[in-house]
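The data block below is query.cif; it holds mmCIF, C-alpha atoms and all ligand atoms.
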```cif
data_input
loop_
_atom_site.label_atom_id
_atom_site.label_comp_id
_atom_site.auth_asym_id
_atom_site.auth_seq_id
_atom_site.Cartn_x
_atom_site.Cartn_y
_atom_site.Cartn_z
CA MET A 15 -92.88 97.12 -68.62
CA ALA A 16 -90.82 94.16 -67.47
CA ILE A 17 -90.59 90.94 -69.37
CA PHE A 18 -92.16 88.11 -67.48
CA LYS A 19 -89.60 85.31 -67.15
CA ARG A 20 -90.26 81.69 -66.45
CA ALA A 21 -89.88 81.44 -62.68
CA LYS A 22 -88.48 78.44 -60.87
CA LYS A 23 -91.38 76.44 -59.49
CA SER A 24 -90.23 76.86 -55.91
CA GLU A 25 -90.32 80.68 -56.20
CA GLU A 26 -94.08 80.82 -56.80
CA THR A 27 -96.28 80.15 -53.81
CA LEU A 28 -99.65 80.95 -55.38
CA SER A 29 -101.60 78.52 -57.52
CA ILE A 30 -104.41 79.37 -59.94
CA LYS A 31 -106.82 77.82 -57.43
CA ASP A 32 -106.02 80.72 -55.05
CA ILE A 33 -106.75 83.59 -57.41
CA VAL A 34 -109.56 85.34 -59.25
CA LEU A 35 -109.23 84.52 -62.93
CA PRO A 36 -109.68 87.09 -65.68
CA GLN A 37 -112.95 86.77 -67.60
CA HIS A 38 -111.41 87.44 -70.99
CA ILE A 39 -107.86 86.62 -72.13
CA GLY A 40 -106.30 87.69 -75.42
CA ILE A 41 -103.23 85.92 -76.78
CA ILE A 42 -100.89 87.13 -79.51
CA MET A 43 -99.50 83.80 -80.69
CA ASP A 44 -96.04 85.14 -81.51
CA GLY A 45 -92.64 83.52 -82.03
CA ASN A 46 -93.45 80.67 -84.42
CA GLY A 47 -90.85 81.82 -86.97
CA ARG A 48 -88.06 82.19 -84.38
CA TRP A 49 -88.92 78.81 -82.88
CA ALA A 50 -88.45 77.19 -86.31
CA LYS A 51 -85.29 79.16 -87.11
CA LYS A 52 -83.66 78.06 -83.84
CA ARG A 53 -84.17 74.46 -84.98
CA GLY A 54 -83.06 74.99 -88.58
CA LEU A 55 -86.62 74.34 -89.76
CA PRO A 56 -88.75 76.32 -92.25
CA ARG A 57 -90.97 79.00 -90.66
CA THR A 58 -94.01 76.97 -91.64
CA ALA A 59 -92.93 74.25 -89.18
CA GLY A 60 -93.21 76.87 -86.45
CA HIS A 61 -96.79 77.62 -87.46
CA THR A 62 -97.66 73.91 -87.47
CA HIS A 63 -96.35 73.58 -83.90
CA GLY A 64 -98.03 76.87 -83.01
CA ALA A 65 -101.37 75.50 -84.19
CA GLN A 66 -100.88 72.48 -81.88
CA THR A 67 -100.11 74.79 -78.97
CA PHE A 68 -103.23 76.77 -79.77
CA ARG A 69 -105.40 73.64 -79.52
CA LYS A 70 -103.88 72.68 -76.13
CA ILE A 71 -104.06 76.15 -74.62
CA ALA A 72 -107.63 76.78 -75.83
CA ARG A 73 -108.75 73.54 -74.21
CA TYR A 74 -106.83 74.34 -71.02
CA CYS A 75 -108.45 77.80 -70.78
CA SER A 76 -111.85 76.19 -71.14
CA ASP A 77 -111.00 73.54 -68.50
CA ILE A 78 -109.97 76.09 -65.88
CA GLY A 79 -113.08 78.20 -66.42
CA ILE A 80 -111.99 81.12 -68.59
CA LYS A 81 -115.14 82.60 -70.14
CA TYR A 82 -113.65 84.29 -73.23
CA LEU A 83 -110.42 83.63 -75.10
CA THR A 84 -109.35 85.62 -78.17
CA VAL A 85 -106.36 84.38 -80.17
CA TYR A 86 -104.59 86.42 -82.85
CA ALA A 87 -104.01 83.96 -85.69
CA PHE A 88 -103.58 86.19 -88.75
CA SER A 89 -103.54 89.96 -89.04
CA THR A 90 -104.64 92.23 -91.87
CA GLU A 91 -100.90 92.94 -92.32
CA ASN A 92 -99.76 89.28 -92.42
CA TRP A 93 -100.63 89.02 -96.15
CA LYS A 94 -97.28 90.77 -96.76
CA ARG A 95 -95.46 87.55 -95.83
CA PRO A 96 -94.08 85.21 -98.52
CA GLN A 97 -96.91 83.45 -100.37
CA LYS A 98 -95.64 80.04 -99.22
CA GLU A 99 -95.98 81.05 -95.58
CA VAL A 100 -99.43 82.61 -96.10
CA ASP A 101 -100.58 79.44 -97.88
CA ALA A 102 -99.27 77.27 -95.03
CA ILE A 103 -101.13 79.32 -92.40
CA MET A 104 -104.33 79.23 -94.49
CA LYS A 105 -104.00 75.44 -94.79
CA LEU A 106 -103.62 75.11 -90.99
CA PHE A 107 -106.64 77.35 -90.57
CA LYS A 108 -108.71 75.29 -93.02
CA ASP A 109 -107.69 71.99 -91.39
CA TYR A 110 -108.65 73.45 -88.06
CA LEU A 111 -112.02 74.67 -89.36
CA ILE A 112 -112.84 71.17 -90.55
CA GLU A 113 -111.73 69.59 -87.28
CA ALA A 114 -113.23 72.23 -84.95
CA ILE A 115 -116.80 71.53 -86.02
CA THR A 116 -116.65 68.43 -83.84
CA ASP A 117 -113.42 68.94 -81.88
CA PHE A 118 -114.71 71.32 -79.22
CA LYS A 119 -118.15 69.75 -78.85
CA ASP A 120 -117.30 67.99 -75.60
CA ASP A 121 -115.87 71.15 -74.10
CA SER A 122 -119.01 73.12 -75.02
CA ILE A 123 -116.80 75.77 -76.62
CA VAL A 124 -118.52 78.47 -78.68
CA VAL A 125 -116.33 79.19 -81.72
CA LYS A 126 -116.42 82.65 -83.30
CA PHE A 127 -114.28 84.38 -85.89
CA ILE A 128 -113.36 88.02 -85.75
CA GLY A 129 -111.90 89.95 -88.66
CA ASP A 130 -112.81 90.68 -92.26
CA ARG A 131 -113.86 87.34 -93.69
CA SER A 132 -114.86 88.75 -97.09
CA VAL A 133 -111.36 87.97 -98.46
CA PHE A 134 -111.61 84.23 -97.83
CA SER A 135 -112.75 81.68 -100.40
CA ASP A 136 -116.40 80.62 -100.45
CA GLN A 137 -115.37 77.25 -98.99
CA MET A 138 -113.50 78.87 -96.08
CA ARG A 139 -116.38 81.27 -95.40
CA GLU A 140 -118.83 78.37 -95.39
CA LEU A 141 -116.62 76.48 -92.91
CA ILE A 142 -116.39 79.57 -90.70
CA GLU A 143 -120.18 79.98 -90.75
CA LYS A 144 -120.74 76.27 -90.10
CA ASN A 145 -118.47 76.40 -87.05
CA GLU A 146 -120.27 79.44 -85.70
CA GLU A 147 -123.70 78.00 -86.38
CA GLU A 148 -122.97 74.56 -84.88
CA SER A 149 -121.43 75.97 -81.72
CA LYS A 150 -123.61 79.01 -81.06
CA ASP A 151 -125.93 77.37 -78.52
CA ARG A 152 -123.19 75.81 -76.41
CA ASP A 153 -122.71 77.17 -72.92
CA GLY A 154 -118.94 77.03 -72.47
CA MET A 155 -116.03 79.35 -73.18
CA VAL A 156 -116.31 81.70 -76.14
CA LEU A 157 -113.26 81.26 -78.37
CA ASN A 158 -112.69 84.16 -80.77
CA ILE A 159 -110.24 83.35 -83.55
CA ALA A 160 -108.89 86.55 -85.10
CA MET A 161 -108.20 85.89 -88.80
CA ASN A 162 -107.56 88.71 -91.23
CA TYR A 163 -108.10 90.85 -88.18
CA GLY A 164 -106.76 94.33 -87.55
CA GLY A 165 -107.75 96.62 -84.70
CA ARG A 166 -107.72 99.70 -86.93
CA ASP A 167 -109.66 97.90 -89.63
CA GLU A 168 -112.24 96.90 -87.02
CA ILE A 169 -112.62 100.50 -85.82
CA VAL A 170 -112.99 101.79 -89.41
CA HIS A 171 -115.62 99.10 -90.04
CA ALA A 172 -117.53 100.15 -86.88
CA VAL A 173 -117.34 103.87 -87.74
CA LYS A 174 -118.65 103.21 -91.27
CA ASN A 175 -121.64 101.27 -89.87
CA ILE A 176 -122.43 104.09 -87.47
CA ALA A 177 -121.96 106.78 -90.16
CA ASP A 178 -124.41 104.89 -92.40
CA ASP A 179 -126.99 104.89 -89.61
CA VAL A 180 -126.50 108.62 -89.03
CA LYS A 181 -126.84 109.27 -92.76
CA THR A 182 -130.13 107.38 -93.00
CA GLY A 183 -131.45 109.07 -89.85
CA LYS A 184 -131.52 105.84 -87.82
CA LEU A 185 -129.09 107.43 -85.37
CA ASP A 186 -128.38 110.96 -84.19
CA VAL A 187 -124.75 112.13 -83.77
CA ASN A 188 -125.47 112.50 -80.05
CA ASP A 189 -126.30 108.79 -79.85
CA ILE A 190 -122.62 107.98 -80.51
CA THR A 191 -121.13 106.69 -77.27
CA ASP A 192 -118.38 104.32 -76.11
CA LYS A 193 -121.02 101.61 -75.79
CA LEU A 194 -122.26 102.17 -79.35
CA LEU A 195 -118.71 101.83 -80.66
CA SER A 196 -118.24 98.62 -78.61
CA ASP A 197 -121.51 97.27 -79.98
CA ASN A 198 -120.21 97.76 -83.50
CA MET A 199 -116.98 95.85 -82.92
CA TYR A 200 -116.62 92.18 -83.88
CA THR A 201 -116.65 91.37 -80.15
CA CYS A 202 -120.11 92.92 -79.65
CA GLY A 203 -121.73 91.75 -76.41
CA GLN A 204 -118.49 90.40 -74.93
CA PRO A 205 -116.54 91.90 -72.01
CA ASP A 206 -113.27 93.66 -72.89
CA PRO A 207 -110.12 91.58 -72.40
CA ASP A 208 -108.69 91.81 -68.89
CA LEU A 209 -105.36 90.24 -69.76
CA ILE A 210 -103.39 90.15 -73.01
CA ILE A 211 -100.52 87.69 -73.19
CA ARG A 212 -97.73 88.14 -75.70
CA PRO A 213 -95.19 85.34 -75.78
CA SER A 214 -91.80 85.79 -77.51
CA GLY A 215 -90.75 88.90 -75.61
CA GLU A 216 -92.02 91.55 -78.06
CA TYR A 217 -93.37 94.79 -76.56
CA ARG A 218 -96.00 95.65 -79.16
CA THR A 219 -99.77 95.56 -79.48
CA SER A 220 -99.49 94.78 -83.23
CA ASN A 221 -102.98 96.10 -83.97
CA PHE A 222 -104.65 93.55 -81.66
CA LEU A 223 -107.96 94.49 -79.99
CA LEU A 224 -107.05 98.20 -80.04
CA TRP A 225 -110.47 99.42 -78.94
CA GLN A 226 -111.16 96.65 -76.45
CA SER A 227 -107.74 96.68 -74.73
CA ALA A 228 -108.06 100.18 -73.25
CA TYR A 229 -107.65 98.80 -69.71
CA ALA A 230 -106.20 95.36 -70.39
CA GLU A 231 -103.18 94.21 -68.41
CA TYR A 232 -100.32 93.09 -70.65
CA CYS A 233 -98.10 90.14 -69.84
CA ILE A 234 -95.04 89.83 -72.09
CA MET A 235 -93.47 86.41 -71.71
CA ASP A 236 -90.03 85.08 -72.57
CA VAL A 237 -91.24 81.94 -74.27
CA LEU A 238 -91.91 81.35 -77.97
CA TRP A 239 -95.51 80.39 -78.78
CA PRO A 240 -94.84 76.78 -79.91
CA ASP A 241 -93.13 76.19 -76.52
CA PHE A 242 -95.93 77.82 -74.52
CA LYS A 243 -97.33 75.44 -71.88
CA SER A 244 -100.29 75.48 -69.51
CA GLU A 245 -97.73 76.32 -66.76
CA ASP A 246 -96.88 79.52 -68.66
CA LEU A 247 -100.54 80.45 -68.77
CA ASP A 248 -100.75 79.81 -65.02
CA ARG A 249 -97.81 82.16 -64.47
CA ALA A 250 -99.49 84.88 -66.50
CA LEU A 251 -102.70 84.39 -64.52
CA ILE A 252 -100.86 84.66 -61.20
CA GLU A 253 -99.01 87.76 -62.41
CA PHE A 254 -102.37 89.24 -63.49
CA ALA A 255 -103.87 88.53 -60.04
CA LYS A 256 -101.05 90.56 -58.44
CA ARG A 257 -101.72 93.66 -60.56
CA ASN A 258 -103.59 96.56 -59.05
CA ARG A 259 -106.17 97.55 -61.66
CA ARG A 260 -107.48 101.07 -61.19
CA PHE A 261 -109.24 101.79 -64.50
CA GLY A 262 -108.11 105.41 -64.30
CA GLY A 263 -109.24 105.78 -60.67
CA VAL A 264 -106.99 105.81 -57.58
C1 LIG A 301 -96.76 85.01 -85.34
O1 LIG A 301 -95.47 84.44 -85.25
C2 LIG A 301 -97.70 84.00 -85.79
C3 LIG A 301 -98.51 84.09 -86.89
C4 LIG A 301 -98.55 85.27 -87.76
C5 LIG A 301 -99.41 82.98 -87.26
C6 LIG A 301 -100.08 82.26 -86.11
C7 LIG A 301 -100.72 81.06 -86.63
C8 LIG A 301 -100.91 79.91 -85.94
C9 LIG A 301 -100.53 79.75 -84.52
C10 LIG A 301 -101.48 78.70 -86.62
C11 LIG A 301 -102.87 78.81 -87.19
C12 LIG A 301 -103.95 79.06 -86.24
C13 LIG A 301 -105.08 78.34 -86.08
C14 LIG A 301 -106.19 78.97 -85.37
C15 LIG A 301 -105.21 76.95 -86.50
P1 LIG A 301 -94.33 84.91 -86.24
O2 LIG A 301 -94.42 84.12 -87.48
O3 LIG A 301 -94.44 86.40 -86.45
O4 LIG A 301 -93.03 84.56 -85.44
P2 LIG A 301 -91.66 85.38 -85.44
O5 LIG A 301 -91.94 86.72 -84.85
O6 LIG A 301 -90.78 84.56 -84.55
O7 LIG A 301 -91.17 85.43 -86.85
#
```
Is it possible to express this structure as structure tokens?
Amino acid sequence: MAIFKRAKKSEETLSIKDIVLPQHIGIIMDGNGRWAKKRGLPRTAGHTHGAQTFRKIARYCSDIGIKYLTVYAFSTENWKRPQKEVDAIMKLFKDYLIEAITDFKDDSIVVKFIGDRSVFSDQMRELIEKNEEESKDRDGMVLNIAMNYGGRDEIVHAVKNIADDVKTGKLDVNDITDKLLSDNMYTCGQPDPDLIIRPSGEYRTSNFLLWQSAYAEYCIMDVLWPDFKSEDLDRALIEFAKRNRRFGGV
């Protein structure tokens, strides 16, 4: 897998107006810590800039007609970070939850949260639910924010639900299919991601959308998330359009 470098403008002849866009994009918002370190700033400053980038890129995706965007904001493993850093990310998340209730109204964005929300405070959970409730009837892009999300955790959660239904006789073992598993994921009813973008040059899935990414195209980019611009998204989209997706066929 080659890293996708920022091309000189003159080298790229295609524009996003010329291509078929993916329906669903996933973004691993990586590189905030390195961005801060390069500037002699605390890691938390990287997250603050990363949160700003998130707002801009989410709006841009909605503007160009992306139907689903999933961003990885905090994983089930990120609790291992220093408490100060975890607190700073939670504060950014809370500020965003308060702002998002009205922020995305004009863009008709539907805001959803994926992950295990049981660990959050009552206030955070209420804000999450309020965001989902207020935006659920909008007709624009679906924005999934993955918080306390882990792909393995999601699969375990789905399997437990299904096992419960088998135990109570609601389901037969033979009813267990790919589709049933998909329907028990947090992304139930949504198409799988077509494209997953990972800025910061790391070649890892990091437990992101493990079930849903079976046939996703990965685009690893040489830019740190706080520096990520709409032009970088365009480059990933053009790269995606050049891929030959076969889904296991020929
Ligand atoms: C990964 O970079 C980033 C995170 C674990 C946190 C991402 C959080 C935000 C962008 C802000 C909060 C989000 C919302 C929705 C308001 P890293 O810290 O692992 O960077 P590094 O690999 O360079 O250390």
Polymer residues at most 10 Å from (-106.6, 90.7, -90.3) by all atoms listed in the file, as number ranges by chain
A: 86-93, 128-131, 133, 160-168, 221-222
Taking all listed atoms of stretch 172-182 of chain A, build the axis-aligned box, pad each of the six sides by 3 Å, then write its centre and edge lengths in Å to one decimal as JSON.
```
{"center_x": -123.7, "center_y": 104.7, "center_z": -89.9, "size_x": 18.8, "size_y": 15.1, "size_z": 12.1}
```
Dump as CSV the rows for residues of stretch 159-238 of chain A within 10 Å of stretch 243-251 of chain A: closest atom pair and distance in Å with one decimal, all atoms listed in the file counted, ordered by chain and rising residue number.
```
residue,atom,partner,partner_atom,distance
A:Leu209,CA,A:Leu251,CA,8.3
A:Ile210,CA,A:Ala250,CA,9.2
A:Ile211,CA,A:Ala250,CA,7.3
A:Arg212,CA,A:Ala250,CA,9.9
A:Pro213,CA,A:Asp246,CA,9.4
A:Tyr232,CA,A:Ala250,CA,9.2
A:Cys233,CA,A:Ala250,CA,6.4
A:Ile234,CA,A:Ala250,CA,8.7
A:Met235,CA,A:Ala250,CA,8.1
A:Asp236,CA,A:Asp246,CA,9.7
A:Val237,CA,A:Asp246,CA,8.3
```
Could you list, as a PyMOL selection string, all the residues within 9 Å of ligand LIG 301 (chain A), counting all atoms listed in the file?
chain A and resi 42-51+57-58+60-69+85-89+92+95+99-100+102-111+159-161+214+216+238-240
Of the candidates A:Val180, A:Ala59, A:Ala114, A:Met155, which one gets nearest to A:Glu143 if we count only C-alpha atoms?
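Smallest distance to A:Glu143 is found for A:Ala114.
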List as a ChimeraX atom specification the protein and nucleic acid residues near A:Leu195, meaning an atom at most 10 Å away when all atoms listed in the file are counted, but skip any in the same chain fewer than 6 places from it.
/A:169,172-173,175-176,202,225
For the atom pair atom CA of A:Asn258 and atom CA of A:Ile17, what is the interatomic distance in Å to one decimal place?
17.5 Å
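Of the residues listed (A:Ala230, A:Ala255, A:Ile142, A:Val125), A:Val125 shows the shortest atom-to-atom separation from A:Leu157; distances use only C-alpha atoms.
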Using Å and a single decimal, report how far atom CA of A:Gln37 sits from atom CA of A:Pro207.
7.4 Å
Near A:Lys150, within 12 Å and counting all atoms listed in the file, which residues show up once chain neighbours fewer than 2 positions away are dropped, as a count of residues only?
21
To one decimal place, how far is atom CA of A:Tyr74 from atom CA of A:Ile112 in Å?
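Pair atom CA of A:Tyr74 / atom CA of A:Ile112 returns 20.7 Å.
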